[in-house]
$ cat entry-v9.cif   # mmCIF, C-alpha atoms and all ligand atoms
data_query
#
loop_
_atom_site.group_PDB
_atom_site.id
_atom_site.type_symbol
_atom_site.label_atom_id
_atom_site.label_comp_id
_atom_site.auth_asym_id
_atom_site.auth_seq_id
_atom_site.Cartn_x
_atom_site.Cartn_y
_atom_site.Cartn_z
ATOM 1 C CA MET A 1 173.642 -168.852 132.763
ATOM 2 C CA GLU A 2 173.903 -168.538 136.533
ATOM 3 C CA ILE A 3 176.968 -168.577 138.753
ATOM 4 C CA ARG A 4 176.939 -169.505 142.434
ATOM 5 C CA LEU A 5 178.631 -166.741 144.423
ATOM 6 C CA ALA A 6 179.593 -166.580 148.092
ATOM 7 C CA ALA A 7 179.306 -162.797 148.338
ATOM 8 C CA ASP A 8 178.737 -159.570 146.404
ATOM 9 C CA LEU A 9 181.544 -158.191 144.258
ATOM 10 C CA GLN A 10 184.267 -156.804 146.514
ATOM 11 C CA ILE A 11 185.849 -153.684 145.089
ATOM 12 C CA ASP A 12 189.161 -151.942 145.914
ATOM 13 C CA SER A 13 191.027 -155.012 147.220
ATOM 14 C CA ILE A 14 194.816 -154.612 147.418
ATOM 15 C CA VAL A 15 195.573 -158.097 148.779
ATOM 16 C CA ASP A 16 194.191 -160.321 146.003
ATOM 17 C CA GLY A 17 196.786 -159.579 143.317
ATOM 18 C CA LEU A 18 198.660 -156.601 141.925
ATOM 19 C CA GLY A 19 196.971 -153.226 141.872
ATOM 20 C CA ILE A 20 193.464 -152.333 142.952
ATOM 21 C CA ARG A 21 191.159 -155.231 142.274
ATOM 22 C CA THR A 22 187.562 -156.358 142.274
ATOM 23 C CA VAL A 23 187.112 -159.831 143.733
ATOM 24 C CA ILE A 24 184.496 -162.292 142.512
ATOM 25 C CA TRP A 25 183.950 -164.745 145.404
ATOM 26 C CA THR A 26 182.737 -168.055 143.974
ATOM 27 C CA GLN A 27 180.901 -170.587 146.139
ATOM 28 C CA GLY A 28 181.870 -174.266 146.248
ATOM 29 C CA CYS A 29 185.154 -176.077 146.893
ATOM 30 C CA LYS A 30 186.032 -179.748 147.337
ATOM 31 C CA HIS A 31 189.696 -179.332 148.302
ATOM 32 C CA LYS A 32 188.971 -178.971 152.025
ATOM 33 C CA CYS A 33 192.470 -177.689 152.836
ATOM 34 C CA PRO A 34 193.095 -177.863 156.607
ATOM 35 C CA GLY A 35 193.377 -174.274 157.878
ATOM 36 C CA CYS A 36 191.317 -172.811 154.988
ATOM 37 C CA HIS A 37 190.242 -169.244 155.793
ATOM 38 C CA ASN A 38 186.901 -169.564 153.971
ATOM 39 C CA PRO A 39 185.312 -172.932 154.908
ATOM 40 C CA GLU A 40 181.865 -171.337 154.561
ATOM 41 C CA THR A 41 182.520 -171.274 150.801
ATOM 42 C CA TRP A 42 182.916 -175.074 150.534
ATOM 43 C CA SER A 43 179.218 -175.973 150.207
ATOM 44 C CA PHE A 44 177.846 -176.227 146.668
ATOM 45 C CA SER A 45 174.386 -175.232 147.891
ATOM 46 C CA GLY A 46 175.454 -172.156 149.884
ATOM 47 C CA GLY A 47 175.741 -168.567 148.694
ATOM 48 C CA ALA A 48 173.387 -167.405 145.952
ATOM 49 C CA LEU A 49 172.838 -168.080 142.262
ATOM 50 C CA VAL A 50 173.208 -164.930 140.158
ATOM 51 C CA ASP A 51 172.833 -164.466 136.400
ATOM 52 C CA VAL A 52 176.267 -163.828 134.892
ATOM 53 C CA LYS A 53 174.753 -160.952 132.866
ATOM 54 C CA THR A 54 173.803 -159.233 136.134
ATOM 55 C CA ILE A 55 177.414 -159.497 137.324
ATOM 56 C CA ALA A 56 178.679 -158.265 133.944
ATOM 57 C CA LYS A 57 176.447 -155.175 134.270
ATOM 58 C CA GLU A 58 177.881 -154.526 137.744
ATOM 59 C CA MET A 59 181.375 -154.842 136.266
ATOM 60 C CA ASP A 60 180.474 -152.219 133.646
ATOM 61 C CA LYS A 61 180.068 -149.694 136.479
ATOM 62 C CA LEU A 62 183.497 -150.324 138.055
ATOM 63 C CA GLU A 63 185.872 -147.385 138.290
ATOM 64 C CA GLY A 64 189.578 -147.189 139.154
ATOM 65 C CA GLN A 65 190.159 -150.954 139.174
ATOM 66 C CA THR A 66 193.295 -152.653 137.805
ATOM 67 C CA GLY A 67 191.635 -155.979 137.323
ATOM 68 C CA VAL A 68 189.322 -158.703 138.506
ATOM 69 C CA THR A 69 190.317 -161.591 140.776
ATOM 70 C CA PHE A 70 188.385 -164.868 140.928
ATOM 71 C CA SER A 71 188.592 -166.458 144.356
ATOM 72 C CA GLY A 72 186.396 -168.557 146.568
ATOM 73 C CA GLY A 73 185.678 -171.366 146.958
ATOM 74 C CA ASP A 74 187.386 -172.639 143.844
ATOM 75 C CA PRO A 75 186.381 -170.844 140.632
ATOM 76 C CA PHE A 76 187.339 -173.904 138.569
ATOM 77 C CA TYR A 77 184.192 -175.726 139.736
ATOM 78 C CA GLN A 78 182.277 -173.192 137.577
ATOM 79 C CA PRO A 79 184.616 -172.752 134.609
ATOM 80 C CA ALA A 80 182.068 -171.800 131.920
ATOM 81 C CA GLU A 81 180.497 -169.101 134.093
ATOM 82 C CA CYS A 82 183.890 -167.753 135.156
ATOM 83 C CA ALA A 83 185.157 -167.805 131.553
ATOM 84 C CA TYR A 84 182.186 -165.639 130.531
ATOM 85 C CA LEU A 85 182.962 -163.081 133.260
ATOM 86 C CA ALA A 86 186.733 -163.153 132.653
ATOM 87 C CA LYS A 87 186.129 -162.468 128.960
ATOM 88 C CA HIS A 88 183.921 -159.546 129.942
ATOM 89 C CA ALA A 89 186.666 -158.230 132.246
ATOM 90 C CA HIS A 90 189.113 -158.215 129.330
ATOM 91 C CA LYS A 91 186.597 -156.333 127.181
ATOM 92 C CA LEU A 92 186.642 -153.684 129.923
ATOM 93 C CA ASN A 93 190.477 -153.621 129.866
ATOM 94 C CA LEU A 94 190.680 -155.246 133.296
ATOM 95 C CA ASN A 95 193.315 -157.936 133.790
ATOM 96 C CA VAL A 96 192.330 -161.282 135.310
ATOM 97 C CA TRP A 97 193.830 -163.162 138.247
ATOM 98 C CA CYS A 98 192.461 -166.426 139.611
ATOM 99 C CA TYR A 99 193.080 -168.412 142.790
ATOM 100 C CA THR A 100 192.581 -172.187 142.656
ATOM 101 C CA GLY A 101 193.251 -175.206 144.870
ATOM 102 C CA PHE A 102 194.110 -177.234 141.759
ATOM 103 C CA THR A 103 197.643 -177.190 140.394
ATOM 104 C CA TYR A 104 198.214 -175.858 136.883
ATOM 105 C CA GLU A 105 199.152 -179.377 135.758
ATOM 106 C CA GLN A 106 195.916 -180.821 137.171
ATOM 107 C CA LEU A 107 193.897 -178.168 135.331
ATOM 108 C CA ILE A 108 195.613 -178.959 132.026
ATOM 109 C CA SER A 109 194.836 -182.646 132.551
ATOM 110 C CA LEU A 110 191.184 -181.940 133.540
ATOM 111 C CA SER A 111 190.747 -179.644 130.537
ATOM 112 C CA LYS A 112 191.106 -182.646 128.207
ATOM 113 C CA LYS A 113 187.734 -183.920 129.483
ATOM 114 C CA ASN A 114 186.173 -180.525 130.185
ATOM 115 C CA PRO A 115 186.878 -177.878 127.514
ATOM 116 C CA ASP A 116 185.309 -175.176 129.718
ATOM 117 C CA ILE A 117 188.412 -175.435 131.913
ATOM 118 C CA MET A 118 190.650 -174.515 128.970
ATOM 119 C CA SER A 119 188.247 -171.713 127.953
ATOM 120 C CA PHE A 120 188.592 -170.228 131.435
ATOM 121 C CA LEU A 121 192.381 -170.762 131.576
ATOM 122 C CA LYS A 122 192.754 -168.873 128.284
ATOM 123 C CA GLU A 123 191.000 -165.874 129.850
ATOM 124 C CA ILE A 124 193.300 -165.789 132.907
ATOM 125 C CA ASP A 125 196.436 -163.623 132.976
ATOM 126 C CA VAL A 126 197.772 -164.760 136.350
ATOM 127 C CA LEU A 127 196.928 -168.013 138.159
ATOM 128 C CA VAL A 128 197.763 -168.566 141.829
ATOM 129 C CA ASP A 129 197.652 -172.346 142.044
ATOM 130 C CA GLY A 130 197.709 -175.199 144.529
ATOM 131 C CA PRO A 131 196.021 -175.978 147.835
ATOM 132 C CA PHE A 132 196.718 -174.053 151.026
ATOM 133 C CA MET A 133 199.165 -176.164 153.061
ATOM 134 C CA GLN A 134 199.276 -175.367 156.753
ATOM 135 C CA ASN A 135 202.813 -176.744 157.222
ATOM 136 C CA LEU A 136 204.054 -174.388 154.468
ATOM 137 C CA LYS A 137 202.108 -171.334 155.664
ATOM 138 C CA SER A 138 204.194 -168.215 155.144
ATOM 139 C CA PHE A 139 203.809 -164.467 155.521
ATOM 140 C CA ASP A 140 206.830 -163.910 153.246
ATOM 141 C CA VAL A 141 205.227 -165.015 149.974
ATOM 142 C CA LYS A 142 203.313 -162.232 148.290
ATOM 143 C CA PHE A 143 199.607 -162.765 147.545
ATOM 144 C CA ARG A 144 199.717 -166.406 148.736
ATOM 145 C CA GLY A 145 198.993 -168.300 151.944
ATOM 146 C CA SER A 146 201.612 -171.047 151.700
ATOM 147 C CA SER A 147 204.934 -171.389 149.906
ATOM 148 C CA ASN A 148 203.848 -174.317 147.688
ATOM 149 C CA GLN A 149 201.475 -171.989 145.817
ATOM 150 C CA ARG A 150 202.799 -170.470 142.609
ATOM 151 C CA ILE A 151 202.074 -167.237 140.746
ATOM 152 C CA ILE A 152 201.849 -168.333 137.129
ATOM 153 C CA ASP A 153 201.875 -166.387 133.877
ATOM 154 C CA VAL A 154 199.141 -168.392 132.157
ATOM 155 C CA LYS A 155 199.526 -167.012 128.641
ATOM 156 C CA LYS A 156 203.275 -167.757 128.550
ATOM 157 C CA SER A 157 202.743 -171.161 130.190
ATOM 158 C CA LEU A 158 200.162 -172.211 127.597
ATOM 159 C CA LEU A 159 202.401 -170.955 124.803
ATOM 160 C CA GLU A 160 205.507 -172.767 126.052
ATOM 161 C CA ASP A 161 203.623 -175.833 127.344
ATOM 162 C CA LYS A 162 205.282 -175.619 130.764
ATOM 163 C CA VAL A 163 204.740 -173.646 133.952
ATOM 164 C CA ILE A 164 206.221 -170.143 133.775
ATOM 165 C CA GLU A 165 206.194 -168.600 137.224
ATOM 166 C CA ILE A 166 206.286 -164.899 138.038
ATOM 167 C CA ASP A 167 208.769 -164.130 140.794
ATOM 168 C CA LEU A 168 207.098 -161.153 142.408
ATOM 169 C CA ASP A 169 209.000 -161.578 145.671
ATOM 170 C CA THR A 170 212.476 -161.129 144.137
ATOM 171 C CA LYS A 171 211.518 -158.677 141.415
ATOM 172 C CA ALA A 172 209.632 -156.507 143.889
ATOM 173 C CA LYS A 173 212.911 -156.095 145.781
ATOM 174 C CA LYS A 174 214.991 -155.378 142.677
ATOM 175 C CA HIS A 175 212.659 -152.943 140.924
ATOM 176 C CA ASN A 176 210.357 -150.136 141.781
ATOM 177 C CA PHE A 177 207.372 -152.295 142.616
ATOM 178 C CA GLY A 178 204.768 -149.880 141.326
ATOM 179 C CA ARG A 179 206.471 -149.437 137.945
ATOM 180 C CA TYR A 180 207.064 -153.170 137.601
ATOM 181 C CA GLU A 181 203.441 -154.078 138.118
ATOM 182 C CA HIS A 182 202.348 -151.454 135.606
ATOM 183 C CA LYS A 183 204.732 -152.709 132.946
ATOM 184 C CA LEU A 184 203.736 -156.343 133.275
ATOM 185 C CA TYR A 185 200.099 -156.621 134.063
ATOM 186 C CA ILE A 186 198.288 -153.341 133.710
HETATM 187 S S1 LIG B 201 191.190 -174.369 147.772
HETATM 188 FE FE1 LIG B 201 190.966 -172.430 148.857
HETATM 189 S S2 LIG B 201 188.766 -172.322 149.403
HETATM 190 FE FE2 LIG B 201 189.229 -174.451 148.846
HETATM 191 S S3 LIG B 201 189.661 -175.447 150.796
HETATM 192 FE FE3 LIG B 201 191.625 -174.812 149.897
HETATM 193 S S4 LIG B 201 192.053 -172.803 150.794
HETATM 194 FE FE4 LIG B 201 189.856 -173.252 151.127
#
$ encode --input "entry-v9.cif" --output "structure tokens"
Amino acid sequence: MEIRLAADLQIDSIVDGLGIRTVIWTQGCKHKCPGCHNPETWSFSGGALVDVKTIAKEMDKLEGQTGVTFSGGDPFYQPAECAYLAKHAHKLNLNVWCYTGFTYEQLISLSKKNPDIMSFLKEIDVLVDGPFMQNLKSFDVKFRGSSNQRIIDVKKSLLEDKVIEIDLDTKAKKHNFGRYEHKLYI
């Protein structure tokens, strides 16, 4: 099984979720958000096709990483491939974040026709959802580009059948940020 990627694995990112993370940059996105920072990742024929087992072997060599973040592009255009890699991340005790231009509700609806979407969702710990909206662009919301985007606890949301958001902005102010992130997601 091959996945279309926009770039090599990016290690040691501190801006794509809590902790020190390895980013998997997927290629392909139909959302076409005005103001998107990565329009070169929109094409579904760009980037390069790579065997998921090759990526998994690269993940085996990672050191000092908190987790893996799927970004792009939109990873949900390749849900089976991403589910495989997310499952591998969990085997390595790495937590999984994912950025998507779909909303959580849209993904749940799409998953009824495409079970791979649910397989991938079940392997995600934290979902940052929704398109980038230029009129809501904000530098005050942590790990997001615009204030419509939500940081979602996927496991709790699936369990309770409603969106459960994680309020990192408020909690980061109230608690020692480092200790908080360790308790919740590491
Ligand atoms: S979903 Fe992300 S990659 Fe796709 S157009 Fe929007 S901002 Fe760009």
$ closest_residue --input "entry-v9.cif" --among "A:Thr26, A:Gln134, A:Ser45, A:Asn38" --to "Phe76 in chain A" --atoms "all atoms listed in the file"
A:Thr26
$ closest_residue --input "entry-v9.cif" --among "A:Phe120, A:Phe44, A:Phe132, A:Tyr104" --to "ligand LIG 201 (chain B)" --atoms "all atoms listed in the file"
A:Phe132
$ residues_near_ligand --input "entry-v9.cif" --ligand "ligand LIG 201 (chain B)" --cutoff "8 Å" --atoms "all atoms listed in the file" --output "list in words"
Gly28, Cys29, Lys30, His31, Lys32, Cys33, Pro34, Gly35, Cys36, His37, Asn38, Pro39, Thr41, Trp42, Ser71, Gly72, Gly73, Asp74, Tyr99, Thr100, Gly101, Phe102, Gly130, Pro131 and Phe132 of chain A
$ closest_residue --input "entry-v9.cif" --among "A:Glu81, A:Val163, A:Gly64, A:Phe70" --to "Leu107 in chain A" --atoms "all atoms listed in the file"
A:Val163
$ atom_distance --input "entry-v9.cif" --atom1 "CA of Asp51 in chain A" --atom2 "CA of Leu85 in chain A"
10.7 Å
$ atom_distance --input "entry-v9.cif" --atom1 "CA of Glu63 in chain A" --atom2 "CA of Gly17 in chain A"
17.1 Å
$ resolve_selection --input "entry-v9.cif" --expression "the PyMOL selection byres (((chain A and resi 122) around 10) and not hetatm)" --output "JSON, numbers by chain"
{"A": [83, 86, 87, 116, 117, 118, 119, 120, 121, 123, 124, 125, 154, 155, 158]}
$ atom_distance --input "entry-v9.cif" --atom1 "CA of Thr66 in chain A" --atom2 "CA of Leu9 in chain A"
14.5 Å
$ residues_near_point --input "entry-v9.cif" --point "(208.8, -165.5, 139.7)" --cutoff "12 Å" --atoms "all atoms listed in the file" --output "VMD selection string"
chain A and resid 126 128 141 to 142 149 to 153 163 to 173
$ closest_residue --input "entry-v9.cif" --among "A:Gln78, A:Ser157, A:Asn148, A:Gln65" --to "Leu136 in chain A" --atoms "only C-alpha atoms"
A:Asn148
$ resolve_selection --input "entry-v9.cif" --expression "the PyMOL selection byres (((chain A and resi 48) around 9) and not hetatm)" --output "PyMOL selection string"
chain A and resi 3-7+27+45-47+49-50
$ closest_residue --input "entry-v9.cif" --among "A:Thr22, A:Thr54, A:Asn95, A:Ser13" --to "Leu127 in chain A" --atoms "all atoms listed in the file"
A:Asn95
$ closest_residue --input "entry-v9.cif" --among "A:Lys61, A:Lys113, A:Arg144, A:Lys162" --to "Leu18 in chain A" --atoms "only C-alpha atoms"
A:Arg144
$ residues_around --input "entry-v9.cif" --residues "Ser138 in chain A" --least-positions-apart "5" --cutoff "7 Å" --atoms "all atoms listed in the file" --output "CSV table (one decimal) with C-alpha atoms, in the frame of the given file"
chain,number,residue,atom,x,y,z
A,145,GLY,CA,199.0,-168.3,151.9
A,146,SER,CA,201.6,-171.0,151.7
A,147,SER,CA,204.9,-171.4,149.9
$ residues_around --input "entry-v9.cif" --residues "Val15 in chain A" --least-positions-apart "4" --cutoff "9 Å" --atoms "only C-alpha atoms" --output "ChimeraX atom specification"
/A:19-21,142-143
$ decode --input "entry-v9.cif" --residues "range 9-27 of chain A" --atoms "C-alpha atoms" --output "short mmCIF file (atom, residue, chain, number, x, y, z; two decimals), in the first residue's frame"
data_model
loop_
_atom_site.label_atom_id
_atom_site.label_comp_id
_atom_site.auth_asym_id
_atom_site.auth_seq_id
_atom_site.Cartn_x
_atom_site.Cartn_y
_atom_site.Cartn_z
CA LEU A 9 9.10 12.97 7.55
CA GLN A 10 9.78 16.16 9.51
CA ILE A 11 11.16 15.45 12.96
CA ASP A 12 11.37 17.66 16.08
CA SER A 13 8.44 19.96 15.27
CA ILE A 14 7.12 21.97 18.23
CA VAL A 15 4.36 23.81 16.34
CA ASP A 16 2.21 20.91 15.11
CA GLY A 17 0.74 19.81 18.44
CA LEU A 18 1.88 19.28 22.01
CA GLY A 19 5.42 18.12 22.66
CA ILE A 20 8.11 17.25 20.16
CA ARG A 21 6.53 15.76 17.08
CA THR A 22 7.22 14.08 13.78
CA VAL A 23 5.05 15.41 10.97
CA ILE A 24 3.79 13.26 8.10
CA TRP A 25 2.99 15.69 5.26
CA THR A 26 0.32 14.13 3.04
CA GLN A 27 -0.21 15.31 -0.54
#
